[in-house]
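Enquirer: Just so it is clear, I am handing over protein.cif, which has mmCIF, C-alpha atoms.
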```
data_protein
#
loop_
_atom_site.label_atom_id
_atom_site.label_comp_id
_atom_site.auth_asym_id
_atom_site.auth_seq_id
_atom_site.Cartn_x
_atom_site.Cartn_y
_atom_site.Cartn_z
CA MET A 1 -27.33 3.71 69.37
CA ASN A 2 -28.22 0.02 69.55
CA THR A 3 -28.17 -1.27 66.00
CA ARG A 4 -29.20 -4.80 67.06
CA LYS A 5 -27.30 -6.38 64.22
CA LYS A 6 -26.70 -10.11 64.60
CA VAL A 7 -23.25 -11.22 63.66
CA SER A 8 -22.50 -14.88 63.05
CA ILE A 9 -20.51 -16.58 65.78
CA ALA A 10 -17.90 -17.65 63.20
CA VAL A 11 -17.13 -13.99 62.53
CA VAL A 12 -17.16 -13.13 66.24
CA LYS A 13 -14.61 -15.86 66.87
CA ARG A 14 -12.21 -14.27 64.40
CA LEU A 15 -12.52 -10.79 65.90
CA PRO A 16 -10.16 -11.33 68.87
CA ARG A 17 -7.46 -12.28 66.37
CA TYR A 18 -7.95 -9.05 64.45
CA TYR A 19 -7.98 -7.21 67.74
CA ARG A 20 -4.66 -8.72 68.86
CA TYR A 21 -3.09 -8.14 65.49
CA LEU A 22 -4.20 -4.51 65.32
CA TYR A 23 -2.92 -3.96 68.86
CA ASN A 24 0.52 -5.10 67.75
CA LEU A 25 0.37 -2.80 64.72
CA LEU A 26 -0.50 0.14 66.99
CA LYS A 27 2.47 -0.67 69.19
CA GLU A 28 4.64 -0.51 66.06
CA ASN A 29 3.09 2.87 65.14
CA VAL A 30 1.45 1.52 61.98
CA THR A 31 -1.46 3.86 61.23
CA ARG A 32 -3.09 2.25 58.21
CA ILE A 33 -3.22 -1.15 56.57
CA SER A 34 -4.82 -2.66 53.48
CA SER A 35 -6.93 -5.80 53.56
CA LYS A 36 -4.23 -7.34 51.36
CA GLU A 37 -1.52 -6.72 53.97
CA LEU A 38 -3.81 -7.91 56.76
CA SER A 39 -4.47 -10.99 54.69
CA GLN A 40 -0.79 -11.79 54.10
CA ASN A 41 0.12 -11.34 57.73
CA MET A 42 -2.85 -13.08 59.27
CA GLY A 43 -3.31 -15.95 56.84
CA ILE A 44 -6.96 -15.04 56.16
CA THR A 45 -8.02 -14.25 52.57
CA ALA A 46 -8.46 -10.55 51.76
CA SER A 47 -12.04 -11.18 50.68
CA GLN A 48 -12.79 -12.94 53.99
CA ILE A 49 -11.35 -9.94 55.85
CA ARG A 50 -13.45 -7.47 53.87
CA GLN A 51 -16.51 -9.66 54.43
CA ASP A 52 -15.84 -9.95 58.17
CA LEU A 53 -15.30 -6.24 58.66
CA ASN A 54 -18.26 -5.34 56.46
CA CYS A 55 -20.51 -7.07 58.99
CA PHE A 56 -19.92 -4.05 61.20
CA GLY A 57 -20.38 -1.41 58.56
CA GLY A 58 -16.96 -1.68 56.88
CA PHE A 59 -14.40 0.77 58.18
CA GLY A 60 -12.10 0.55 55.15
CA GLN A 61 -11.77 3.11 52.37
CA GLN A 62 -11.06 2.23 48.75
CA GLY A 63 -7.40 2.94 47.97
CA TYR A 64 -6.56 3.83 51.55
CA GLY A 65 -7.22 0.67 53.49
CA TYR A 66 -8.10 0.59 57.15
CA ASN A 67 -7.23 3.16 59.78
CA VAL A 68 -5.61 0.89 62.36
CA HIS A 69 -6.62 2.97 65.36
CA VAL A 70 -10.24 3.35 64.30
CA LEU A 71 -10.53 -0.32 63.40
CA TYR A 72 -8.92 -1.40 66.68
CA ASN A 73 -11.35 0.71 68.70
CA GLU A 74 -14.37 -0.39 66.68
CA ILE A 75 -13.57 -4.07 67.10
CA GLY A 76 -12.94 -3.43 70.79
CA ASN A 77 -16.38 -1.82 71.07
CA ILE A 78 -18.02 -4.70 69.25
CA LEU A 79 -16.33 -7.21 71.55
CA GLY A 80 -17.20 -5.20 74.64
CA ALA A 81 -13.53 -4.61 75.53
CA ASN A 82 -14.53 -1.19 76.89
CA LYS A 83 -17.11 -2.64 79.27
CA ASN A 84 -14.56 -3.17 82.06
CA TYR A 85 -16.11 -6.46 83.05
CA GLN A 86 -15.37 -7.63 86.59
CA ALA A 87 -14.47 -11.28 86.99
CA ILE A 88 -13.70 -13.71 89.78
CA ILE A 89 -11.76 -16.95 89.63
CA ILE A 90 -13.25 -19.94 91.44
CA GLY A 91 -10.55 -22.50 92.16
CA ALA A 92 -7.01 -21.42 93.07
CA GLY A 93 -5.25 -24.50 91.70
CA ASN A 94 -2.65 -24.39 88.95
CA MET A 95 -5.06 -23.32 86.24
CA GLY A 96 -6.66 -20.67 88.45
CA ARG A 97 -3.23 -19.33 89.35
CA ALA A 98 -2.08 -19.34 85.74
CA LEU A 99 -5.16 -17.32 84.75
CA ALA A 100 -4.79 -14.94 87.70
CA ASN A 101 -1.24 -14.21 86.57
CA TYR A 102 -2.16 -13.79 82.93
CA ARG A 103 -1.41 -10.18 82.16
CA ASN A 104 -3.39 -10.01 78.94
CA PHE A 105 -6.85 -9.93 80.46
CA GLU A 106 -6.64 -6.36 81.73
CA LYS A 107 -5.35 -5.23 78.37
CA ARG A 108 -8.55 -6.74 76.89
CA GLY A 109 -10.82 -4.95 79.37
CA TYR A 110 -11.30 -7.62 82.03
CA GLU A 111 -10.46 -7.14 85.68
CA ILE A 112 -10.06 -10.03 88.07
CA ASN A 113 -11.05 -8.78 91.49
CA GLY A 114 -11.56 -11.94 93.51
CA ILE A 115 -10.26 -15.50 93.83
CA PHE A 116 -12.06 -18.20 95.82
CA ASP A 117 -11.16 -21.65 97.05
CA VAL A 118 -12.16 -24.20 99.68
CA ASP A 119 -8.62 -25.23 100.68
CA MET A 120 -7.61 -23.72 104.05
CA ASN A 121 -3.95 -23.94 102.98
CA VAL A 122 -4.61 -21.69 100.01
CA ILE A 123 -7.10 -19.23 101.53
CA GLY A 124 -5.28 -16.07 102.57
CA GLN A 125 -2.47 -16.51 100.03
CA LYS A 126 -1.92 -13.71 97.55
CA ILE A 127 -1.97 -14.45 93.82
CA ASN A 128 -0.96 -11.56 91.60
CA GLY A 129 -1.88 -9.22 94.45
CA ILE A 130 -5.30 -10.74 95.12
CA VAL A 131 -5.98 -12.54 98.41
CA VAL A 132 -7.66 -15.93 98.01
CA MET A 133 -10.99 -15.88 99.88
CA PRO A 134 -13.05 -18.76 101.27
CA ILE A 135 -15.83 -19.83 98.94
CA ASP A 136 -18.39 -19.05 101.66
CA LYS A 137 -17.80 -15.37 100.98
CA MET A 138 -18.39 -15.71 97.26
CA ASP A 139 -22.13 -14.99 97.11
CA TYR A 140 -21.78 -11.82 99.16
CA PHE A 141 -18.78 -10.73 97.10
CA ILE A 142 -20.57 -11.21 93.76
CA LYS A 143 -23.60 -9.23 94.93
CA ASN A 144 -21.52 -6.37 96.32
CA ASN A 145 -18.89 -6.01 93.62
CA ASN A 146 -20.94 -5.99 90.46
CA THR A 147 -19.15 -9.14 89.32
CA GLN A 148 -20.45 -10.32 85.94
CA ILE A 149 -18.06 -13.14 85.07
CA ALA A 150 -16.92 -16.22 86.98
CA ILE A 151 -13.94 -18.20 85.74
CA LEU A 152 -14.38 -21.81 86.80
CA THR A 153 -11.28 -23.88 87.45
CA VAL A 154 -12.64 -26.30 90.03
CA PRO A 155 -12.49 -30.12 89.73
CA HIS A 156 -15.27 -31.24 87.40
CA GLU A 157 -17.27 -33.01 90.11
CA TYR A 158 -17.91 -29.62 91.77
CA THR A 159 -18.40 -27.60 88.60
CA LYS A 160 -22.17 -27.77 88.27
CA ASP A 161 -22.86 -26.91 91.93
CA VAL A 162 -20.40 -24.05 91.99
CA ALA A 163 -21.69 -22.68 88.68
CA GLU A 164 -25.31 -22.74 89.84
CA ARG A 165 -24.38 -21.07 93.10
CA ALA A 166 -22.48 -18.32 91.25
CA ALA A 167 -25.45 -17.84 88.91
CA THR A 168 -27.87 -17.56 91.82
CA ALA A 169 -25.63 -14.90 93.35
CA GLY A 170 -25.85 -12.86 90.15
CA ILE A 171 -23.09 -14.02 87.79
CA LYS A 172 -24.08 -13.44 84.15
CA ALA A 173 -21.31 -15.33 82.34
CA LEU A 174 -19.20 -18.39 83.05
CA TRP A 175 -15.83 -19.16 81.53
CA ASN A 176 -15.57 -22.84 82.27
CA PHE A 177 -12.25 -24.71 82.27
CA SER A 178 -13.45 -27.83 83.98
CA ALA A 179 -13.66 -30.14 80.94
CA MET A 180 -17.36 -30.63 81.59
CA ASP A 181 -19.84 -28.81 79.40
CA LEU A 182 -22.18 -26.60 81.39
CA GLN A 183 -25.55 -25.16 80.54
CA ILE A 184 -27.09 -22.73 83.00
CA PRO A 185 -30.35 -20.93 82.14
CA ASP A 186 -29.91 -17.18 81.46
CA VAL A 187 -26.15 -17.41 81.87
CA VAL A 188 -23.70 -17.11 78.98
CA VAL A 189 -21.25 -20.02 79.09
CA GLU A 190 -18.01 -20.57 77.20
CA ASN A 191 -16.73 -24.08 77.81
CA VAL A 192 -12.98 -24.25 77.25
CA HIS A 193 -11.65 -27.63 76.12
CA LEU A 194 -7.90 -27.31 75.88
CA SER A 195 -7.53 -30.81 74.50
CA ASP A 196 -9.57 -29.82 71.43
CA SER A 197 -6.74 -27.58 70.34
CA LEU A 198 -4.21 -30.34 71.05
CA MET A 199 -6.21 -32.71 68.86
CA VAL A 200 -6.21 -30.21 66.00
CA LEU A 201 -2.43 -30.01 66.43
CA GLY A 202 -2.28 -33.81 66.33
CA TYR A 203 -4.35 -33.89 63.14
CA ARG A 204 -2.07 -31.37 61.45
CA LEU A 205 1.02 -33.26 62.63
CA LYS A 206 -0.38 -36.48 61.23
CA GLU A 207 -1.18 -34.77 57.91
CA ALA A 208 2.31 -33.24 57.72
CA THR A 209 3.94 -36.60 58.48
CA GLU A 210 1.84 -38.38 55.85
CA GLU A 211 2.64 -35.71 53.27
CA ASN A 212 6.34 -36.22 53.89
CA LYS A 213 5.99 -39.97 53.59
CA PHE A 214 4.01 -39.49 50.39
CA GLU A 215 6.66 -37.20 48.92
CA GLU A 216 9.41 -39.62 49.87
CA THR A 217 7.55 -42.47 48.16
CA GLU A 218 7.05 -40.33 45.07
CA LEU A 219 10.78 -39.66 44.87
CA LYS A 220 11.77 -43.29 45.00
CA MET B 221 -4.37 -46.88 52.79
CA ASN B 222 -3.56 -43.21 52.49
CA THR B 223 -6.54 -41.56 50.85
CA ARG B 224 -4.86 -38.12 50.85
CA LYS B 225 -8.16 -36.37 51.22
CA LYS B 226 -7.91 -32.75 52.33
CA VAL B 227 -10.42 -31.73 54.93
CA SER B 228 -11.10 -28.07 55.63
CA ILE B 229 -9.68 -26.81 58.92
CA ALA B 230 -13.17 -25.60 59.94
CA VAL B 231 -14.37 -29.21 59.86
CA VAL B 232 -11.25 -30.47 61.62
CA LYS B 233 -11.84 -27.99 64.42
CA ARG B 234 -15.30 -29.44 65.04
CA LEU B 235 -14.07 -33.05 65.15
CA PRO B 236 -12.71 -32.99 68.74
CA ARG B 237 -16.18 -31.92 69.87
CA TYR B 238 -17.78 -34.90 68.13
CA TYR B 239 -15.07 -37.08 69.58
CA ARG B 240 -15.72 -35.91 73.14
CA TYR B 241 -19.45 -36.22 72.71
CA LEU B 242 -19.25 -39.74 71.28
CA TYR B 243 -16.92 -40.75 74.10
CA ASN B 244 -19.58 -39.72 76.61
CA LEU B 245 -22.24 -41.66 74.68
CA LEU B 246 -20.02 -44.76 74.75
CA LYS B 247 -19.63 -44.38 78.50
CA GLU B 248 -23.43 -44.32 78.75
CA ASN B 249 -23.63 -47.48 76.59
CA VAL B 250 -25.40 -45.71 73.73
CA THR B 251 -24.68 -47.76 70.61
CA ARG B 252 -26.31 -45.73 67.85
CA ILE B 253 -27.44 -42.17 67.30
CA SER B 254 -29.14 -40.23 64.51
CA SER B 255 -27.78 -37.00 63.10
CA LYS B 256 -30.96 -35.38 64.47
CA GLU B 257 -30.18 -36.46 68.01
CA LEU B 258 -26.53 -35.46 67.64
CA SER B 259 -27.79 -32.12 66.37
CA GLN B 260 -30.14 -31.51 69.30
CA ASN B 261 -27.53 -32.40 71.87
CA MET B 262 -24.57 -30.63 70.31
CA GLY B 263 -26.23 -27.48 69.00
CA ILE B 264 -25.00 -28.10 65.43
CA THR B 265 -27.57 -28.43 62.62
CA ALA B 266 -28.24 -31.99 61.41
CA SER B 267 -27.29 -31.01 57.87
CA GLN B 268 -23.98 -29.59 59.12
CA ILE B 269 -23.30 -32.85 60.96
CA ARG B 270 -24.08 -34.95 57.87
CA GLN B 271 -21.88 -32.66 55.79
CA ASP B 272 -19.01 -32.82 58.31
CA LEU B 273 -19.11 -36.58 58.60
CA ASN B 274 -19.51 -37.06 54.85
CA CYS B 275 -16.07 -35.48 54.42
CA PHE B 276 -14.68 -38.75 55.72
CA GLY B 277 -16.85 -41.07 53.71
CA GLY B 278 -20.02 -40.78 55.78
CA PHE B 279 -20.43 -43.53 58.34
CA GLY B 280 -24.16 -43.12 58.77
CA GLN B 281 -26.88 -45.37 57.36
CA GLN B 282 -30.28 -44.17 56.23
CA GLY B 283 -32.87 -45.02 58.87
CA TYR B 284 -30.29 -46.36 61.32
CA GLY B 285 -28.09 -43.38 62.09
CA TYR B 286 -24.52 -43.67 63.21
CA ASN B 287 -22.89 -46.55 65.02
CA VAL B 288 -21.38 -44.67 67.98
CA HIS B 289 -18.42 -47.00 68.41
CA VAL B 290 -17.49 -47.03 64.72
CA LEU B 291 -17.87 -43.27 64.41
CA TYR B 292 -15.83 -42.66 67.59
CA ASN B 293 -13.00 -44.83 66.30
CA GLU B 294 -13.08 -43.34 62.83
CA ILE B 295 -12.92 -39.78 64.12
CA GLY B 296 -10.13 -40.83 66.48
CA ASN B 297 -8.21 -42.27 63.50
CA ILE B 298 -8.73 -39.10 61.49
CA LEU B 299 -7.49 -36.97 64.37
CA GLY B 300 -4.54 -39.26 64.99
CA ALA B 301 -5.71 -40.17 68.50
CA ASN B 302 -4.24 -43.66 67.96
CA LYS B 303 -0.77 -42.32 67.15
CA ASN B 304 0.31 -42.25 70.78
CA TYR B 305 2.18 -39.00 70.35
CA GLN B 306 4.88 -38.27 72.89
CA ALA B 307 4.98 -34.74 74.27
CA ILE B 308 7.12 -32.68 76.62
CA ILE B 309 6.19 -29.56 78.55
CA ILE B 310 8.70 -26.72 78.52
CA GLY B 311 8.11 -24.41 81.47
CA ALA B 312 6.97 -25.78 84.84
CA GLY B 313 5.08 -22.68 85.97
CA ASN B 314 1.38 -22.65 86.81
CA MET B 315 0.25 -23.28 83.24
CA GLY B 316 2.80 -26.04 82.70
CA ARG B 317 1.72 -27.68 85.95
CA ALA B 318 -1.95 -27.35 85.10
CA LEU B 319 -1.36 -29.06 81.75
CA ALA B 320 0.84 -31.76 83.29
CA ASN B 321 -2.00 -32.58 85.67
CA TYR B 322 -4.67 -32.55 82.99
CA ARG B 323 -5.94 -36.10 82.84
CA ASN B 324 -7.68 -35.79 79.51
CA PHE B 325 -4.59 -35.84 77.29
CA GLU B 326 -3.84 -39.51 77.74
CA LYS B 327 -7.44 -40.35 77.02
CA ARG B 328 -6.95 -38.51 73.70
CA GLY B 329 -3.79 -40.42 72.81
CA TYR B 330 -1.10 -38.04 74.07
CA GLU B 331 1.55 -38.95 76.59
CA ILE B 332 3.56 -36.36 78.47
CA ASN B 333 6.93 -37.92 79.20
CA GLY B 334 9.11 -34.97 80.15
CA ILE B 335 8.92 -31.55 81.81
CA PHE B 336 11.72 -28.98 81.57
CA ASP B 337 12.53 -25.73 83.34
CA VAL B 338 15.46 -23.43 84.08
CA ASP B 339 14.54 -22.73 87.72
CA MET B 340 16.79 -24.64 90.13
CA ASN B 341 14.01 -24.54 92.74
CA VAL B 342 11.69 -26.41 90.45
CA ILE B 343 14.11 -28.86 88.82
CA GLY B 344 13.88 -32.23 90.56
CA GLN B 345 10.28 -31.69 91.71
CA LYS B 346 7.70 -34.24 90.62
CA ILE B 347 4.58 -33.09 88.77
CA ASN B 348 1.98 -35.79 88.18
CA GLY B 349 4.75 -38.36 88.61
CA ILE B 350 7.19 -36.73 86.17
CA VAL B 351 10.46 -35.23 87.45
CA VAL B 352 11.18 -31.72 86.19
CA MET B 353 14.49 -31.77 84.29
CA PRO B 354 16.92 -28.93 83.54
CA ILE B 355 16.44 -27.46 80.10
CA ASP B 356 20.04 -28.38 79.20
CA LYS B 357 18.91 -31.99 78.97
CA MET B 358 16.06 -31.20 76.61
CA ASP B 359 17.82 -31.69 73.26
CA TYR B 360 19.20 -35.06 74.27
CA PHE B 361 15.82 -36.10 75.66
CA ILE B 362 13.92 -35.17 72.49
CA LYS B 363 16.37 -37.07 70.28
CA ASN B 364 16.31 -40.18 72.44
CA ASN B 365 12.63 -40.41 73.28
CA ASN B 366 10.97 -39.96 69.92
CA THR B 367 9.27 -36.82 71.22
CA GLN B 368 7.13 -35.21 68.53
CA ILE B 369 5.31 -32.47 70.44
CA ALA B 370 6.54 -29.68 72.71
CA ILE B 371 4.08 -27.77 74.85
CA LEU B 372 5.43 -24.27 75.40
CA THR B 373 4.52 -22.48 78.60
CA VAL B 374 7.59 -20.25 79.01
CA PRO B 375 7.47 -16.46 79.40
CA HIS B 376 6.98 -14.92 75.98
CA GLU B 377 10.45 -13.35 75.82
CA TYR B 378 11.97 -16.84 75.75
CA THR B 379 9.39 -18.47 73.51
CA LYS B 380 11.09 -18.04 70.14
CA ASP B 381 14.52 -19.25 71.31
CA VAL B 382 13.12 -22.25 73.13
CA ALA B 383 10.88 -23.16 70.20
CA GLU B 384 13.73 -23.02 67.70
CA ARG B 385 15.92 -25.09 69.97
CA ALA B 386 13.22 -27.73 70.36
CA ALA B 387 12.70 -27.77 66.59
CA THR B 388 16.41 -28.22 65.95
CA ALA B 389 16.41 -31.16 68.38
CA GLY B 390 13.66 -32.81 66.32
CA ILE B 391 10.29 -31.59 67.61
CA LYS B 392 7.66 -31.69 64.85
CA ALA B 393 4.81 -29.81 66.51
CA LEU B 394 4.50 -26.97 69.01
CA TRP B 395 1.52 -26.26 71.20
CA ASN B 396 2.24 -22.71 72.20
CA PHE B 397 0.64 -21.04 75.25
CA SER B 398 2.94 -18.05 75.42
CA ALA B 399 0.56 -15.41 73.98
CA MET B 400 3.07 -14.78 71.19
CA ASP B 401 2.35 -16.19 67.74
CA LEU B 402 5.12 -18.47 66.52
CA GLN B 403 6.05 -19.59 63.05
CA ILE B 404 8.80 -22.18 62.71
CA PRO B 405 9.62 -23.67 59.30
CA ASP B 406 8.59 -27.34 58.92
CA VAL B 407 7.02 -27.39 62.37
CA VAL B 408 3.27 -27.52 62.95
CA VAL B 409 2.27 -24.80 65.42
CA GLU B 410 -0.98 -24.25 67.29
CA ASN B 411 -0.90 -20.92 69.08
CA VAL B 412 -3.30 -20.89 72.01
CA HIS B 413 -4.74 -17.51 72.96
CA LEU B 414 -6.90 -18.03 75.99
CA SER B 415 -8.04 -14.42 76.00
CA ASP B 416 -9.69 -14.94 72.57
CA SER B 417 -12.21 -17.23 74.19
CA LEU B 418 -12.74 -14.72 77.02
CA MET B 419 -13.44 -12.00 74.45
CA VAL B 420 -16.03 -14.18 72.73
CA LEU B 421 -17.62 -14.66 76.15
CA GLY B 422 -17.56 -10.88 76.63
CA TYR B 423 -19.22 -10.34 73.26
CA ARG B 424 -21.98 -12.80 74.06
CA LEU B 425 -22.45 -11.24 77.52
CA LYS B 426 -22.73 -7.80 75.95
CA GLU B 427 -25.27 -9.09 73.41
CA ALA B 428 -27.32 -10.79 76.12
CA THR B 429 -27.30 -7.64 78.27
CA GLU B 430 -28.35 -5.45 75.34
CA GLU B 431 -31.13 -7.86 74.41
CA ASN B 432 -32.46 -7.66 77.95
CA LYS B 433 -32.31 -3.88 77.90
CA PHE B 434 -34.06 -3.88 74.53
CA GLU B 435 -36.80 -6.16 75.80
CA GLU B 436 -37.29 -4.04 78.91
CA THR B 437 -37.62 -0.89 76.76
CA GLU B 438 -40.15 -2.66 74.54
CA LEU B 439 -42.26 -3.55 77.55
CA LYS B 440 -42.45 0.01 78.84
#
```
Could I get this structure in the form of C-alpha cells?

Expert:
Amino acid sequence: MNTRKKVSIAVVKRLPRYYRYLYNLLKENVTRISSKELSQNMGITASQIRQDLNCFGGFGQQGYGYNVHVLYNEIGNILGANKNYQAIIIGAGNMGRALANYRNFEKRGYEINGIFDVDMNVIGQKINGIVVMPIDKMDYFIKNNNTQIAILTVPHEYTKDVAERAATAGIKALWNFSAMDLQIPDVVVENVHLSDSLMVLGYRLKEATEENKFEETELK
Amino acid sequence: MNTRKKVSIAVVKRLPRYYRYLYNLLKENVTRISSKELSQNMGITASQIRQDLNCFGGFGQQGYGYNVHVLYNEIGNILGANKNYQAIIIGAGNMGRALANYRNFEKRGYEINGIFDVDMNVIGQKINGIVVMPIDKMDYFIKNNNTQIAILTVPHEYTKDVAERAATAGIKALWNFSAMDLQIPDVVVENVHLSDSLMVLGYRLKEATEENKFEETELK
C-alpha cells in the first residue's frame, strides 16, 4: 500500500490549509465542493488546487467536484493525521503553556502526554491536565511512552543540548520554537520562526501604505 | 524612490529567512558570500537564490558574490524592517505573554508598546516592562500612539469583534493567532496557524518512517 510518491514540500505546506478548510465545511454539513468554490473561498487559483490535489491521485470528478468527506480523510491520511503521534513539550514557560493549552492539536491527531522543565517552582504544576515533570525523567519517559515528537520551547542557549538528549532517548521529530535553527542527524526538524510571519505582515503593510500614498498622489 | 515593483508572495516569504541568515553572518563578521555558499548553508538552490534576489535588482557581482551588509540592509528595507512599526498585543494569556517576551521583534524593527486584556487579575501586571491595560483604553491608545499593528491572542469567540474594534480605532495590520481566519476590509491580516507547521512535521515524520520501513524490507 506504500506508493512511495514524492510530493513537493510546497504542496505539502498547503495541505494543512485544505485540511482546516475542509474540516470547517464538514462542520457546516457541506458534502461536496468544486475546485472553483474552493478557489474563491481559499484564495488559491482553481488550477493550482486541481494541480495540488492531483499529486495524490486527484479525488475530484468532472462535473461533480470533490466529495468533502473523502477529500478530508485522504488529506488527513497523507499528512499522517491518523497516526496518533505522541508528543512532549520541553519547557513549561509561556510558549510551552500556550501550546499545551492549544486545543487544535488533538483534533489534528497529536496527543501531548508529557511536559518537562527544570524549574522547581513549575515542576508538579498541572497544565491542561498534565503534570509538569522534572527534565531528569524525560529520557525514561520518551523510551517508555512511544513518544515520537518533542516540542522545544526552552531558551535558545539550551536548545541544542536538550534536542540532542531527546534524540538520543528516541525522539524522531523536533518542533523547535527556540529561534535557533537546529539540525540533528536522523531527526526531522521543523524550526518555527514566528518573526518571519511578522515580517511578511510588515512587508504587506508597507506595500499597502505605499499604494495608498501612490493613489493619493495620482489624485492630486 | 518608489519603484512600485510587485514581488510574488512566495519570494517575500523567503526573505525573512535570508534576513535572519545574513544577520548571523554579520555577527560572525562575514563580509561577503557567494550564492553557492548561501545555497549550501540555507538549503535553497543557488539559482533560486539568484532569482529571488534579482527580483529586487540583484545585489550580487559576478566573481565577488554578495556584500553581506548591503544585502542585509536592502532586504531589511524591502521588508520594512526600518519602519519602526508600533504594535500592541491584545490578550495577555500565555501566547500574548510569550510574544511580549520574545526578544527578536525589536531586532526586526517592531516595537510592542501596549498590552490589553479584560481580566481584572491581569490588568496592571507588568509583562516585559509593559503594564497590561484594560481593553476599554485600547481605542484611545491606538489613536494616540500611532499604533499600526495589533497582535491578536484572544479566544477565538472574541477575535472578530476585537479585530473590528481595533480596525475602527485605526489599526492597519493584524497578526492573528486565534486559529480563526480573519478578513477585515482595508486591513492587512496574517493568520497564524501553528498547527499547520506541526502537520508538515507530521508528514515529514511519516515519510521518514516509511522510508526506513521500505529500506528495511529491501534489505531482507

Enquirer: Please compute the CA of Glu410 in chain B-CA of Gly91 in chain A distance, one decimal, in Å.

Expert: 26.7 Å

Enquirer: What lies within 9 Å of range 363-375 of chain B using all atoms listed in the file, ignoring chain neighbours under 2 positions off, as a PyMOL selection string?

Expert: (chain A and resi 202+205) or (chain B and resi 305-316+319+333+337+358-361+377-379+382-383+386-387+389-399)

Enquirer: At what distance in Å, to one decimal, does CA of Thr209 in chain A lie from CA of Asp406 in chain B?

Expert: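 Going from CA of Asp406 in chain B over to CA of Thr209 in chain A covers 10.4 Å.
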
Enquirer: Please indicate the distance in Å from CA of Tyr23 in chain A to CA of Asn128 in chain A, rounded to one decimal place.

Expert: 24.1 Å

Enquirer: Where does the PyMOL selection byres ((chain A and resi 37-54) around 12) land in this file, that is, which residues does it pick, as a compact mmCIF listing (two decimals) with C-alpha atoms, in the coordinates of the input?

Expert:
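New file out_34.txt:
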```txt
# COMPACT_ATOMS: atom_id res chain seq x y z
CA LYS A 5 -27.30 -6.38 64.22
CA VAL A 7 -23.25 -11.22 63.66
CA SER A 8 -22.50 -14.88 63.05
CA ILE A 9 -20.51 -16.58 65.78
CA ALA A 10 -17.90 -17.65 63.20
CA VAL A 11 -17.13 -13.99 62.53
CA VAL A 12 -17.16 -13.13 66.24
CA LYS A 13 -14.61 -15.86 66.87
CA ARG A 14 -12.21 -14.27 64.40
CA LEU A 15 -12.52 -10.79 65.90
CA ARG A 17 -7.46 -12.28 66.37
CA TYR A 18 -7.95 -9.05 64.45
CA TYR A 19 -7.98 -7.21 67.74
CA ARG A 20 -4.66 -8.72 68.86
CA TYR A 21 -3.09 -8.14 65.49
CA LEU A 22 -4.20 -4.51 65.32
CA ASN A 24 0.52 -5.10 67.75
CA LEU A 25 0.37 -2.80 64.72
CA VAL A 30 1.45 1.52 61.98
CA ARG A 32 -3.09 2.25 58.21
CA ILE A 33 -3.22 -1.15 56.57
CA SER A 34 -4.82 -2.66 53.48
CA SER A 35 -6.93 -5.80 53.56
CA LYS A 36 -4.23 -7.34 51.36
CA CYS A 55 -20.51 -7.07 58.99
CA PHE A 56 -19.92 -4.05 61.20
CA GLY A 57 -20.38 -1.41 58.56
CA GLY A 58 -16.96 -1.68 56.88
CA PHE A 59 -14.40 0.77 58.18
CA GLY A 60 -12.10 0.55 55.15
CA GLN A 61 -11.77 3.11 52.37
CA GLN A 62 -11.06 2.23 48.75
CA TYR A 64 -6.56 3.83 51.55
CA GLY A 65 -7.22 0.67 53.49
CA TYR A 66 -8.10 0.59 57.15
CA ASN A 67 -7.23 3.16 59.78
CA VAL A 68 -5.61 0.89 62.36
CA LEU A 71 -10.53 -0.32 63.40
CA TYR A 72 -8.92 -1.40 66.68
CA GLU A 74 -14.37 -0.39 66.68
CA ILE A 75 -13.57 -4.07 67.10
CA ILE A 78 -18.02 -4.70 69.25
CA ASP B 401 2.35 -16.19 67.74
CA GLN B 403 6.05 -19.59 63.05
```

Enquirer: Leaving out Arg108 in chain A and any residue of its chain fewer than 5 positions from it, which residues lie within 8 Å of it when counting all atoms listed in the file, given as an MDAnalysis selection string?

Expert: (chainID A and resid 81) or (chainID B and resid 415 419)

Enquirer: In terms of the shortest atom-to-atom distance over only C-alpha atoms, which of A:Gln125, A:His69, A:Ala208, A:Gly63 is closest to Lys27 in chain A?

Expert: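 Of A:Gln125, A:His69, A:Ala208, A:Gly63, the one nearest Lys27 in chain A is A:His69, counting only C-alpha atoms.
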
Enquirer: Could you tell me which of A:Glu164, A:Glu207, A:Asp136, A:Glu28 comes closest to chain B if we count only C-alpha atoms?

Expert: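 Under the stated criterion, the closest residue is A:Glu207.
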